[in-house]
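See structure below.
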Amino acid sequence: MARRGFRVAVHRSEPGPHFLDSVRSDAKRAVMMLVQADYARAAEELGVAVSDTALGRQELIEALDRGAVAVVLLSHYRLTGTAVPHWVTVYGHDDDRFYIHDPWIELKELPEDIFHGAALPIPFDEYDRLTRYGRNNFRAALIVEAAGSEHQKKA
C-alpha cells in the first residue's frame, strides 16, 4: 500500500518476528524469520511508521474519523471456531460498534451467503476480544490513509 502512495502505519503489541510458535519445523521457522525481516526492511525503506504498541480503540476511532481504513489481525476462532490468524478491514464505527468486512468465504456457502462477511457490526467489547491472537494475545493493525491527508505519522 505504501508503494502505491498510501500512508501506512503499523501498530503491533510487540516486536517481531511473529507466529513462530505456530510452526513446528525449524526450517519453516527460519523462512518465516527471513521473510519478516525482509518485510521490515522494505517498510523502513518506504517510510512506514511502525509502533510496538497495540492500536487502541480511541486511536482507531480517530483514524476512521479522518477517513482512514484499518486492516486488523484477529483470531477467527470467535467467528468460525477455527483458531487461525486472519485479517479483516475495519471501515467505520458508530457509538458502540465497529463495522468490518471479512473476506473469508467458504466455497460451500456460495452463492447464497456470499455477502455474509460484509458490513459486520462488531460491538466494541467483542472487537477487543476478537483482535487478540494466540497465547500471548498478540495484536496488530495497519492504518491506511490517503497520502494527501492532513494527519502526520504518529505511530
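Letters A, B, ... go to the chains of the C-alpha cells in the order shown; residues in each chain start at 1; ligands are counted from 1 in the same order.
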
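The residue set within 9 Å of Ala146 of chain A, counting only C-alpha atoms and dropping same-chain residues fewer than 3 places from it, reads Gly5, Phe6, Arg7, Val8, Gly67, Ala68 and Ser149 of chain A.
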
Identify, with DSSP run on backbone atoms, the residues in segment 18-137 of chain A assigned to helix (DSSP H, G or I), and express the list as a PyMOL selection string. chain A and resi 20-22+26-45+57-65+77-80+107-109+124-130

Within 7 Å of segment 14-24 of chain A, counting only C-alpha atoms, which residues qualify if same-chain residues fewer than 2 places away don't, as a PDB file with C-alpha atoms, in the first residue's frame?
```
ATOM      1  CA  ARG A  12       1.708  -4.216  16.904  1.00  0.00           C
ATOM      2  CA  ASP A  26      12.843 -25.274  12.301  1.00  0.00           C
ATOM      3  CA  LYS A  28       9.731 -23.177   8.274  1.00  0.00           C
ATOM      4  CA  ARG A  29      10.520 -21.029  11.301  1.00  0.00           C
ATOM      5  CA  MET A  33      12.045 -15.085  10.201  1.00  0.00           C
ATOM      6  CA  GLN A  36       9.507 -10.993   8.178  1.00  0.00           C
ATOM      7  CA  ASP A  52       5.363  -1.588  19.132  1.00  0.00           C
ATOM      8  CA  THR A  53       2.194  -0.501  20.910  1.00  0.00           C
TER       9      THR A  53
END
```

What is the atom CA of His101 of chain A-atom CA of Ala40 of chain A distance in Å, reported with one decimal?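 Pair atom CA of His101 of chain A / atom CA of Ala40 of chain A returns 26.3 Å.
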
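Among the candidates A:Gly92, A:Thr131, A:Ala119, A:Arg4, the residue lying nearest to Arg66 of chain A is A:Gly92 (atoms considered: only C-alpha atoms).
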
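When the distance limit is 8 Å and only C-alpha atoms are what count, the residues near Arg97 of chain A, minus those fewer than 2 positions from it on the same chain, are His93, Asp94, Asp95, Tyr99, Pro121, Ile122, Pro123 and Phe124 of chain A.
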
Can those selected residues be exported to a file as an mmCIF file, in the first residue's frame so that it contains N, CA and C atoms?
```cif
data_model
loop_
_atom_site.group_PDB
_atom_site.id
_atom_site.type_symbol
_atom_site.label_atom_id
_atom_site.label_comp_id
_atom_site.auth_asym_id
_atom_site.auth_seq_id
_atom_site.Cartn_x
_atom_site.Cartn_y
_atom_site.Cartn_z
ATOM 1 N N HIS A 93 -17.545 3.083 12.174
ATOM 2 C CA HIS A 93 -17.981 2.865 13.558
ATOM 3 C C HIS A 93 -19.216 3.712 13.825
ATOM 4 N N ASP A 94 -19.909 3.370 14.890
ATOM 5 C CA ASP A 94 -20.936 4.243 15.441
ATOM 6 C C ASP A 94 -20.645 4.361 16.930
ATOM 7 N N ASP A 95 -21.642 4.657 17.742
ATOM 8 C CA ASP A 95 -21.386 4.917 19.159
ATOM 9 C C ASP A 95 -20.910 3.704 19.947
ATOM 10 N N TYR A 99 -17.535 -1.446 12.266
ATOM 11 C CA TYR A 99 -18.042 -2.177 11.114
ATOM 12 C C TYR A 99 -16.851 -2.748 10.361
ATOM 13 N N PRO A 121 -21.418 -5.695 11.999
ATOM 14 C CA PRO A 121 -21.307 -4.817 13.168
ATOM 15 C C PRO A 121 -20.706 -5.600 14.335
ATOM 16 N N ILE A 122 -19.602 -5.122 14.872
ATOM 17 C CA ILE A 122 -18.917 -5.799 15.975
ATOM 18 C C ILE A 122 -18.897 -4.854 17.171
ATOM 19 N N PRO A 123 -19.631 -5.175 18.244
ATOM 20 C CA PRO A 123 -19.605 -4.313 19.434
ATOM 21 C C PRO A 123 -18.171 -4.120 19.931
ATOM 22 N N PHE A 124 -17.899 -2.930 20.471
ATOM 23 C CA PHE A 124 -16.537 -2.603 20.899
ATOM 24 C C PHE A 124 -15.918 -3.670 21.794
#
```

Separation of atom CA of Thr82 of chain A from atom CA of Ser25 of chain A, in Å and rounded to one decimal: 21.3 Å

If DSSP is run on the backbone, what residues of chain A are strand (DSSP E or B)? A reply as JSON, numbers by chain would be ideal. {"A": [6, 7, 8, 9, 10, 11, 12, 49, 50, 51, 69, 70, 71, 72, 73, 74, 75, 85, 86, 87, 88, 89, 90, 91, 92, 93, 97, 98, 99, 100, 101, 120, 121, 122, 123, 133, 138, 140, 141, 142, 143, 144, 145, 146]}

Grab the residues selected above and save them as an mmCIF file, in the first residue's frame with C-alpha atoms.
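That gives us again.cif:
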```
data_model
loop_
_atom_site.group_PDB
_atom_site.id
_atom_site.type_symbol
_atom_site.label_atom_id
_atom_site.label_comp_id
_atom_site.auth_asym_id
_atom_site.auth_seq_id
_atom_site.Cartn_x
_atom_site.Cartn_y
_atom_site.Cartn_z
ATOM 1 C CA PHE A 6 -0.845 5.482 0.653
ATOM 2 C CA ARG A 7 0.388 6.449 4.090
ATOM 3 C CA VAL A 8 0.631 3.300 6.206
ATOM 4 C CA ALA A 9 1.220 2.944 9.931
ATOM 5 C CA VAL A 10 1.812 -0.437 11.574
ATOM 6 C CA HIS A 11 0.718 -0.999 15.165
ATOM 7 C CA ARG A 12 1.708 -4.216 16.904
ATOM 8 C CA ALA A 49 5.659 4.149 10.640
ATOM 9 C CA VAL A 50 5.951 1.155 12.984
ATOM 10 C CA SER A 51 4.821 1.199 16.607
ATOM 11 C CA VAL A 69 -9.223 2.345 6.817
ATOM 12 C CA ALA A 70 -7.736 -0.262 9.142
ATOM 13 C CA VAL A 71 -6.581 -3.770 8.314
ATOM 14 C CA VAL A 72 -6.703 -5.638 11.608
ATOM 15 C CA LEU A 73 -5.486 -9.048 12.731
ATOM 16 C CA LEU A 74 -7.969 -11.159 14.606
ATOM 17 C CA SER A 75 -8.409 -14.686 15.751
ATOM 18 C CA PRO A 85 -4.807 -15.634 12.325
ATOM 19 C CA HIS A 86 -6.964 -13.664 9.932
ATOM 20 C CA TRP A 87 -7.075 -10.105 8.592
ATOM 21 C CA VAL A 88 -10.229 -8.012 8.202
ATOM 22 C CA THR A 89 -10.945 -4.461 7.114
ATOM 23 C CA VAL A 90 -12.405 -2.034 9.652
ATOM 24 C CA TYR A 91 -14.033 0.811 7.754
ATOM 25 C CA GLY A 92 -16.459 2.534 10.114
ATOM 26 C CA HIS A 93 -17.981 2.865 13.558
ATOM 27 C CA ARG A 97 -19.514 -0.828 17.442
ATOM 28 C CA PHE A 98 -17.043 -1.074 14.601
ATOM 29 C CA TYR A 99 -18.042 -2.177 11.114
ATOM 30 C CA ILE A 100 -15.802 -4.729 9.459
ATOM 31 C CA HIS A 101 -15.570 -6.532 6.180
ATOM 32 C CA LEU A 120 -20.492 -6.887 10.072
ATOM 33 C CA PRO A 121 -21.307 -4.817 13.168
ATOM 34 C CA ILE A 122 -18.917 -5.799 15.975
ATOM 35 C CA PRO A 123 -19.605 -4.313 19.434
ATOM 36 C CA TYR A 133 -4.355 -13.721 18.723
ATOM 37 C CA PHE A 138 -0.744 -10.534 20.050
ATOM 38 C CA ALA A 140 -1.631 -5.972 15.068
ATOM 39 C CA ALA A 141 -3.225 -3.403 12.785
ATOM 40 C CA LEU A 142 -2.393 -1.309 9.751
ATOM 41 C CA ILE A 143 -3.843 2.167 9.393
ATOM 42 C CA VAL A 144 -4.075 3.154 5.734
ATOM 43 C CA GLU A 145 -4.691 6.758 4.698
ATOM 44 C CA ALA A 146 -4.512 8.757 1.509
#
```
